[in-house]
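Everything below belongs to my_file23.cif, which stores mmCIF, C-alpha atoms and all ligand atoms.
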```cif
data_start
loop_
_atom_site.label_atom_id
_atom_site.label_comp_id
_atom_site.auth_asym_id
_atom_site.auth_seq_id
_atom_site.Cartn_x
_atom_site.Cartn_y
_atom_site.Cartn_z
CA MET A 19 0.00 0.00 0.00
CA LEU A 20 1.45 3.36 -1.06
CA ARG A 21 2.13 5.70 1.87
CA ASP A 22 2.06 9.48 1.43
CA THR A 23 5.30 10.67 3.01
CA GLN A 24 4.04 14.25 3.36
CA PHE A 25 2.29 13.09 6.54
CA ARG A 26 4.47 12.34 9.57
CA HIS A 27 2.03 11.98 12.45
CA ILE A 28 -0.51 9.69 10.79
CA THR A 29 -0.35 7.06 8.05
CA VAL A 30 -2.09 8.22 4.88
CA SER A 31 -2.51 5.83 1.92
CA PRO A 32 -4.23 7.00 -1.27
CA ILE A 33 -7.17 4.86 -2.39
CA THR A 34 -7.13 5.75 -6.09
CA GLY A 35 -5.28 8.22 -8.27
CA ALA A 36 -8.32 10.51 -8.22
CA LEU A 37 -9.24 10.99 -4.57
CA GLY A 38 -9.64 9.32 -1.22
CA ALA A 39 -7.17 8.06 1.38
CA ASP A 40 -7.13 5.53 4.18
CA ILE A 41 -5.84 6.88 7.48
CA HIS A 42 -4.36 4.78 10.26
CA GLY A 43 -2.47 5.67 13.40
CA ILE A 44 -4.76 8.15 15.10
CA ASP A 45 -7.41 7.75 17.78
CA LEU A 46 -9.71 10.70 17.29
CA ALA A 47 -11.71 10.01 20.44
CA SER A 48 -8.65 10.46 22.65
CA HIS A 49 -8.30 14.12 21.59
CA PRO A 50 -4.99 13.76 19.70
CA ASP A 51 -2.45 16.60 19.70
CA ASP A 52 -2.86 19.38 17.18
CA PRO A 53 -0.06 18.22 14.82
CA ALA A 54 -1.76 14.84 14.27
CA PHE A 55 -5.26 16.33 14.10
CA ASP A 56 -4.10 19.03 11.66
CA GLU A 57 -2.73 16.31 9.40
CA VAL A 58 -6.22 14.78 9.16
CA ARG A 59 -7.49 18.18 8.05
CA ARG A 60 -4.63 18.46 5.57
CA ALA A 61 -5.38 14.98 4.24
CA LEU A 62 -8.99 16.09 3.69
CA ASP A 63 -7.83 19.15 1.74
CA LYS A 64 -5.59 16.94 -0.39
CA TYR A 65 -7.74 13.80 -0.84
CA HIS A 66 -11.30 15.12 -0.19
CA VAL A 67 -12.36 11.75 1.28
CA VAL A 68 -10.65 10.00 4.17
CA ALA A 69 -11.50 6.68 5.79
CA VAL A 70 -10.12 6.88 9.32
CA ARG A 71 -9.76 3.28 10.42
CA GLU A 72 -9.94 1.62 13.84
CA GLN A 73 -11.87 4.33 15.68
CA ASN A 74 -13.95 3.55 18.72
CA LEU A 75 -16.80 6.02 18.76
CA THR A 76 -20.14 6.33 20.47
CA PRO A 77 -22.67 8.91 19.31
CA GLN A 78 -21.42 11.15 22.14
CA THR A 79 -17.75 10.87 21.17
CA LEU A 80 -18.60 11.26 17.48
CA HIS A 81 -20.26 14.52 18.49
CA THR A 82 -17.11 15.63 20.39
CA VAL A 83 -14.79 14.67 17.53
CA ALA A 84 -16.99 16.34 14.93
CA ARG A 85 -17.23 19.60 16.79
CA ARG A 86 -13.43 19.81 16.83
CA PHE A 87 -13.70 20.00 13.03
CA GLY A 88 -16.22 22.83 13.27
CA PRO A 89 -19.81 23.77 14.19
CA PHE A 90 -22.77 21.69 13.08
CA SER A 91 -24.10 22.69 9.65
CA GLY A 92 -27.73 22.14 10.58
CA ASN A 93 -29.87 19.53 8.81
CA PRO A 94 -33.45 20.52 7.94
CA VAL A 95 -34.36 16.97 6.84
CA HIS A 96 -33.38 14.27 9.34
CA ALA A 97 -34.41 14.06 12.99
CA PRO A 98 -31.43 13.67 15.32
CA ILE A 99 -31.05 10.95 17.92
CA GLU A 100 -32.25 11.76 21.39
CA GLY A 101 -29.97 14.08 23.32
CA LEU A 102 -27.62 14.99 20.44
CA ASP A 103 -28.97 17.55 17.98
CA ASP A 104 -26.20 17.02 15.46
CA ILE A 105 -26.14 13.22 15.15
CA ILE A 106 -28.45 11.12 12.98
CA ARG A 107 -28.66 7.35 12.75
CA PHE A 108 -29.10 5.40 9.51
CA VAL A 109 -30.27 1.79 9.79
CA ARG A 110 -30.78 -0.88 7.15
CA GLU A 111 -32.24 -4.14 8.47
CA PRO A 112 -31.55 -7.51 6.78
CA ASP A 113 -35.08 -7.80 5.38
CA ASP A 114 -35.37 -4.21 4.15
CA THR A 115 -36.00 -3.80 0.46
CA GLY A 116 -36.08 -0.77 -1.81
CA LYS A 117 -33.45 1.91 -2.01
CA VAL A 118 -30.79 2.29 0.65
CA ILE A 119 -30.29 5.71 2.21
CA GLY A 120 -28.05 7.82 0.00
CA GLU A 121 -28.45 5.64 -3.09
CA ASP A 122 -27.76 7.52 -6.37
CA TRP A 123 -25.02 10.10 -6.85
CA HIS A 124 -25.63 13.22 -4.79
CA MET A 125 -24.09 15.92 -2.61
CA ASP A 126 -25.44 16.27 0.93
CA LEU A 127 -27.82 19.23 1.33
CA ALA A 128 -26.66 20.95 -1.88
CA TRP A 129 -29.86 23.02 -1.87
CA MET A 130 -28.82 24.85 1.30
CA ALA A 131 -27.29 28.33 0.93
CA LYS A 132 -24.29 26.98 2.82
CA PRO A 133 -24.06 23.23 2.17
CA PRO A 134 -22.08 21.28 4.79
CA GLY A 135 -18.31 21.54 4.32
CA LEU A 136 -17.75 18.07 5.77
CA THR A 137 -19.89 14.99 6.20
CA MET A 138 -18.76 12.45 8.79
CA LEU A 139 -20.19 8.92 8.75
CA TYR A 140 -19.25 6.33 11.38
CA GLY A 141 -19.80 2.65 10.68
CA GLU A 142 -21.08 0.77 13.72
CA VAL A 143 -22.56 -2.34 12.07
CA ILE A 144 -21.17 -3.10 8.63
CA PRO A 145 -22.15 -6.00 6.33
CA PRO A 146 -19.44 -8.64 5.88
CA VAL A 147 -19.53 -7.87 2.18
CA GLY A 148 -21.01 -4.96 0.22
CA GLY A 149 -22.40 -1.66 1.43
CA ASP A 150 -19.45 0.38 0.12
CA THR A 151 -19.75 4.10 -0.58
CA CYS A 152 -18.47 5.49 -3.89
CA PHE A 153 -17.17 9.02 -4.29
CA SER A 154 -16.36 11.10 -7.33
CA SER A 155 -14.10 14.15 -7.41
CA LEU A 156 -15.66 17.38 -8.66
CA ALA A 157 -12.19 18.97 -8.80
CA GLN A 158 -11.01 16.26 -11.21
CA ALA A 159 -14.25 16.65 -13.13
CA TYR A 160 -13.59 20.39 -13.55
CA ARG A 161 -9.99 19.85 -14.64
CA ALA A 162 -11.01 17.27 -17.25
CA LEU A 163 -13.40 19.62 -19.04
CA SER A 164 -12.18 21.21 -22.26
CA PRO A 165 -11.08 24.87 -22.02
CA GLY A 166 -14.13 25.70 -24.13
CA MET A 167 -16.55 24.06 -21.69
CA GLN A 168 -14.74 25.61 -18.70
CA ALA A 169 -15.15 29.03 -20.32
CA LEU A 170 -18.82 28.39 -20.99
CA LEU A 171 -19.42 27.49 -17.34
CA HIS A 172 -17.47 30.33 -15.74
CA ASP A 173 -19.86 32.94 -14.32
CA ARG A 174 -22.80 30.54 -14.71
CA ILE A 175 -25.09 30.03 -11.72
CA GLY A 176 -26.84 26.75 -11.02
CA VAL A 177 -30.18 26.63 -9.20
CA HIS A 178 -30.40 23.75 -6.69
CA SER A 179 -33.79 22.88 -5.23
CA GLY A 180 -35.06 20.95 -2.22
CA LYS A 181 -38.12 19.91 -4.22
CA GLY A 182 -38.57 16.15 -4.07
CA VAL A 183 -35.98 15.64 -1.33
CA PHE A 184 -38.64 15.13 1.35
CA GLU A 185 -40.41 12.55 -0.80
CA ILE A 186 -37.22 10.53 -1.37
CA ASN A 187 -36.46 10.50 2.34
CA ALA A 188 -40.06 9.83 3.40
CA ALA A 189 -40.06 6.72 1.18
CA ASN A 190 -37.56 5.15 3.57
CA SER A 191 -39.51 3.87 6.56
CA ARG A 192 -36.38 3.67 8.76
CA LEU A 193 -35.55 7.35 8.44
CA ALA A 194 -36.64 9.70 11.20
CA LEU A 195 -37.52 13.04 9.62
CA ARG A 196 -37.96 16.44 11.22
CA GLU A 197 -41.57 17.49 11.73
CA ASP A 198 -41.19 20.43 9.38
CA ALA A 199 -39.08 18.56 6.80
CA GLN A 200 -41.75 19.00 4.14
CA ASN A 201 -40.89 22.74 4.03
CA ILE A 202 -37.65 21.97 2.21
CA ASP A 203 -39.71 21.52 -0.95
CA THR A 204 -39.75 25.29 -1.31
CA ILE A 205 -36.05 25.92 -0.69
CA GLU A 206 -33.80 26.95 -3.56
CA ALA A 207 -30.15 27.96 -3.55
CA GLU A 208 -28.09 29.54 -6.30
CA HIS A 209 -24.47 28.40 -6.52
CA PRO A 210 -21.74 29.23 -9.05
CA ILE A 211 -21.10 26.20 -11.27
CA VAL A 212 -17.35 26.75 -11.11
CA CYS A 213 -16.24 27.34 -7.52
CA VAL A 214 -12.97 27.79 -5.66
CA HIS A 215 -12.09 26.26 -2.33
CA PRO A 216 -11.70 29.14 0.16
CA ALA A 217 -8.53 27.68 1.72
CA THR A 218 -6.70 25.90 -1.10
CA GLY A 219 -7.90 27.92 -4.11
CA GLU A 220 -8.62 24.66 -5.95
CA ARG A 221 -11.38 24.92 -8.54
CA TYR A 222 -14.23 22.46 -8.65
CA LEU A 223 -17.47 21.91 -10.47
CA PHE A 224 -20.50 22.51 -8.27
CA VAL A 225 -23.11 20.17 -9.68
CA SER A 226 -25.65 18.09 -7.79
CA SER A 227 -28.55 15.75 -8.39
CA VAL A 228 -30.92 18.55 -7.27
CA MET A 229 -29.61 21.11 -9.74
CA GLN A 230 -32.71 22.12 -11.69
CA SER A 231 -31.63 24.88 -14.01
CA ILE A 232 -28.87 27.25 -15.04
CA LYS A 233 -29.63 30.95 -14.75
CA GLY A 234 -29.87 32.77 -18.04
CA LEU A 235 -30.55 29.58 -20.04
CA THR A 236 -33.94 28.20 -21.00
CA ALA A 237 -35.15 24.90 -19.51
CA GLU A 238 -34.49 23.24 -22.89
CA GLU A 239 -30.92 24.52 -22.86
CA SER A 240 -30.21 23.87 -19.16
CA ARG A 241 -31.44 20.29 -18.87
CA PRO A 242 -29.14 18.60 -21.40
CA LEU A 243 -26.16 20.56 -20.05
CA ILE A 244 -26.94 19.56 -16.44
CA ASP A 245 -27.40 15.93 -17.50
CA TYR A 246 -24.09 16.01 -19.33
CA LEU A 247 -22.29 17.55 -16.32
CA LEU A 248 -23.77 14.96 -13.94
CA ARG A 249 -22.67 12.11 -16.23
CA HIS A 250 -19.23 13.66 -16.67
CA ALA A 251 -18.80 14.27 -12.92
CA VAL A 252 -19.03 10.58 -12.02
CA ARG A 253 -16.75 9.10 -14.67
CA PRO A 254 -14.85 6.13 -13.20
CA GLU A 255 -11.46 7.84 -13.42
CA PHE A 256 -12.70 10.47 -10.92
CA ASN A 257 -13.94 7.83 -8.42
CA CYS A 258 -12.86 6.00 -5.34
CA ARG A 259 -14.74 3.40 -3.35
CA VAL A 260 -14.57 3.19 0.43
CA ARG A 261 -14.82 -0.38 1.68
CA TRP A 262 -16.22 -0.08 5.15
CA ALA A 263 -15.13 -2.03 8.19
CA PRO A 264 -16.75 -1.69 11.59
CA ARG A 265 -15.29 1.34 13.42
CA THR A 266 -14.36 3.22 10.25
CA LEU A 267 -15.07 6.95 10.31
CA THR A 268 -15.33 8.26 6.76
CA ILE A 269 -15.11 12.02 6.35
CA TRP A 270 -15.67 13.78 3.06
CA ALA A 271 -15.32 17.35 1.86
CA ASN A 272 -18.95 17.42 0.85
CA PRO A 273 -19.02 20.19 -1.81
CA PHE A 274 -15.97 18.65 -3.54
CA VAL A 275 -17.47 15.25 -4.23
CA LEU A 276 -20.58 13.43 -5.28
CA HIS A 277 -21.20 10.18 -3.46
CA THR A 278 -23.52 7.19 -3.62
CA ALA A 279 -24.29 4.36 -1.23
CA ILE A 280 -24.18 0.94 -2.93
CA ASN A 281 -27.26 -1.21 -2.52
CA ASP A 282 -25.69 -4.69 -2.65
CA TYR A 283 -26.07 -6.25 0.79
CA PRO A 284 -29.55 -7.78 1.11
CA GLY A 285 -29.82 -9.97 4.19
CA TYR A 286 -27.31 -7.92 6.18
CA ARG A 287 -27.66 -5.13 8.71
CA ARG A 288 -25.88 -1.79 8.37
CA VAL A 289 -25.92 0.90 11.05
CA THR A 290 -24.12 4.22 10.68
CA TYR A 291 -24.13 7.56 12.48
CA ARG A 292 -23.79 10.79 10.54
CA THR A 293 -23.06 14.38 11.34
CA THR A 294 -22.11 17.36 9.20
CA VAL A 295 -19.82 20.34 9.69
CA GLU A 296 -20.63 23.86 8.62
CA GLY A 297 -19.23 24.83 5.24
CA TRP A 298 -19.08 28.08 3.36
CA VAL A 299 -21.20 29.90 0.82
CA PRO A 300 -19.85 28.44 -2.46
CA MET A 301 -17.44 30.96 -3.96
CA ALA A 302 -17.12 31.83 -7.63
CA VAL A 303 -13.70 32.24 -9.20
CA PRO A 304 -12.62 35.83 -8.35
CA ALA A 305 -12.94 38.12 -11.38
CA ALA A 306 -9.21 39.04 -11.36
CA SER A 307 -8.18 35.41 -11.74
CA ASP A 308 -11.00 34.46 -14.04
CA THR A 309 -8.87 32.91 -16.73
CA ILE A 310 -8.82 29.33 -17.87
CA ALA A 311 -5.01 29.31 -17.83
CA GLN A 312 -5.09 29.60 -14.04
CA ALA A 313 -7.30 26.58 -13.60
CA ALA A 314 -5.96 24.77 -10.54
C1 LIG B 1 -25.08 9.38 2.67
O1 LIG B 1 -25.39 9.56 1.50
O2 LIG B 1 -24.92 10.32 3.45
C2 LIG B 1 -24.89 7.96 3.19
C3 LIG B 1 -23.86 7.20 2.46
C4 LIG B 1 -23.74 5.78 2.95
O3 LIG B 1 -24.53 5.34 3.79
O4 LIG B 1 -22.85 5.07 2.48
#
```
As structure tokens, what does this structure read like?
Ligand code: SIN
Amino acid sequence: MLRDTQFRHITVSPITGALGADIHGIDLASHPDDPAFDEVRRALDKYHVVAVREQNLTPQTLHTVARRFGPFSGNPVHAPIEGLDDIIRFVREPDDTGKVIGEDWHMDLAWMAKPPGLTMLYGEVIPPVGGDTCFSSLAQAYRALSPGMQALLHDRIGVHSGKGVFEINAANSRLALREDAQNIDTIEAEHPIVCVHPATGERYLFVSSVMQSIKGLTAEESRPLIDYLLRHAVRPEFNCRVRWAPRTLTIWANPFVLHTAINDYPGYRRVTYRTTVEGWVPMAVPAASDTIAQAA
């Protein structure tokens, strides 16, 4: 397994050439020193998805660990577990049928004005086989576009809508939803299609499964372009696949990736706990640096 020698306090091993890394050698629940903790943050900036192995978390300690990464982003859809406002529980029982939670490529809460910057998912009960999560890099997707398509998308604004999100979640009988979750049907957020990461300056494509239209284009013009971008964004060369083990904490830089839960473990139970960390209002490329040549 390749080890990234830029990290000295933790062991970081890339999962694919596109994104994702396995991390060993840190116990997040024991409040590690800043140098080790900062390397986890740095690994997230570099790899966008990290699977931190051999953790030993309870909902309470997940809460403590998560809040070291930043404040809770809020979640207008899912009801939290009792006593912890920022933690939700996802359960799939062996005899459940239908879609699993998070099936189909998406970004978490992309229709919020400030989508979560990080999603953290802790695996408590994991099937002996299957139940992986796939991720795709929106930074790689941006870089792979032709200069002509990059130019076309610069300054474009995508409209992302909560419409239909309640229905998808309500179809899953195991999901506890907030009492007012139906209100998200009316929420819309406008995000630049080409964004820059506030800390690293890296450019990425902001597309999501709930992107409904592109401002300034007709519906007939927007739809095929959105469909193309969504297909492009999940090409296999931009992907990695996290193979879960019990006690893995997977953290992803939510606006930088699309992800999908794989529905391939009938007959097995899967229990995970999720929380999210506040992000930022997606930022367009600053006008002064708005040239294709500077694409990160
Ligand atoms: C999610 O989409 O947040 C859940 C992904 C998973 O359960 O693998």
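Closest approach to A:Glu296 among A:Ala54, A:Ile211, A:Ala159, A:Ala271: A:Ala271, based on all atoms listed in the file.
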Q.
Show me which residues are within 6 Å of ligand LIG 1 (chain B) counting only C-alpha atoms and all ligand atoms, and format the list as a VMD selection string.
A. chain A and resid 119 to 120 151 278 to 279
(Q) List as JSON, numbers by chain the protein and nucleic acid residues near A:Pro254, meaning an atom at most 12 Å away when all atoms listed in the file are counted, but skip any in the same chain fewer than 6 places from it. (A) {"A": [34, 35, 36, 37, 152, 153, 154, 155, 158, 159]}
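Minimum distance to A:Ala97 across A:Pro273, A:Val260, A:Arg292, A:Ala305 (counting all atoms listed in the file) occurs at A:Arg292.
Here atom CA of A:Pro304 is placed at a distance of 16.3 Å from atom CA of A:Tyr160.
Residue nearest A:Leu156, chosen from A:Trp298, A:Phe25, A:Trp262, A:Trp123 and counting all atoms listed in the file: A:Trp123.
The space between atom CA of A:Trp129 and atom CA of A:Pro89 spans 19.0 Å.
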Dump as a Markdown table the rows for residues of stretch 66-173 of chain A within 12 Å of stretch 198-203 of chain A: closest atom pair and distance in Å with one decimal, all atoms listed in the file counted, ordered by chain and rising residue number.
```
| residue | atom | partner | partner_atom | distance |
| --- | --- | --- | --- | --- |
| A:Asn93 | CA | A:Ala199 | CA | 9.5 |
| A:Pro94 | CA | A:Ala199 | CA | 6.1 |
| A:Val95 | CA | A:Ala199 | CA | 5.0 |
| A:His96 | CA | A:Ala199 | CA | 7.6 |
| A:Ala97 | CA | A:Ala199 | CA | 9.0 |
| A:Leu127 | CA | A:Ile202 | CA | 10.2 |
| A:Ala128 | CA | A:Ile202 | CA | 11.8 |
| A:Trp129 | CA | A:Ile202 | CA | 8.9 |
| A:Met130 | CA | A:Ile202 | CA | 9.3 |
```
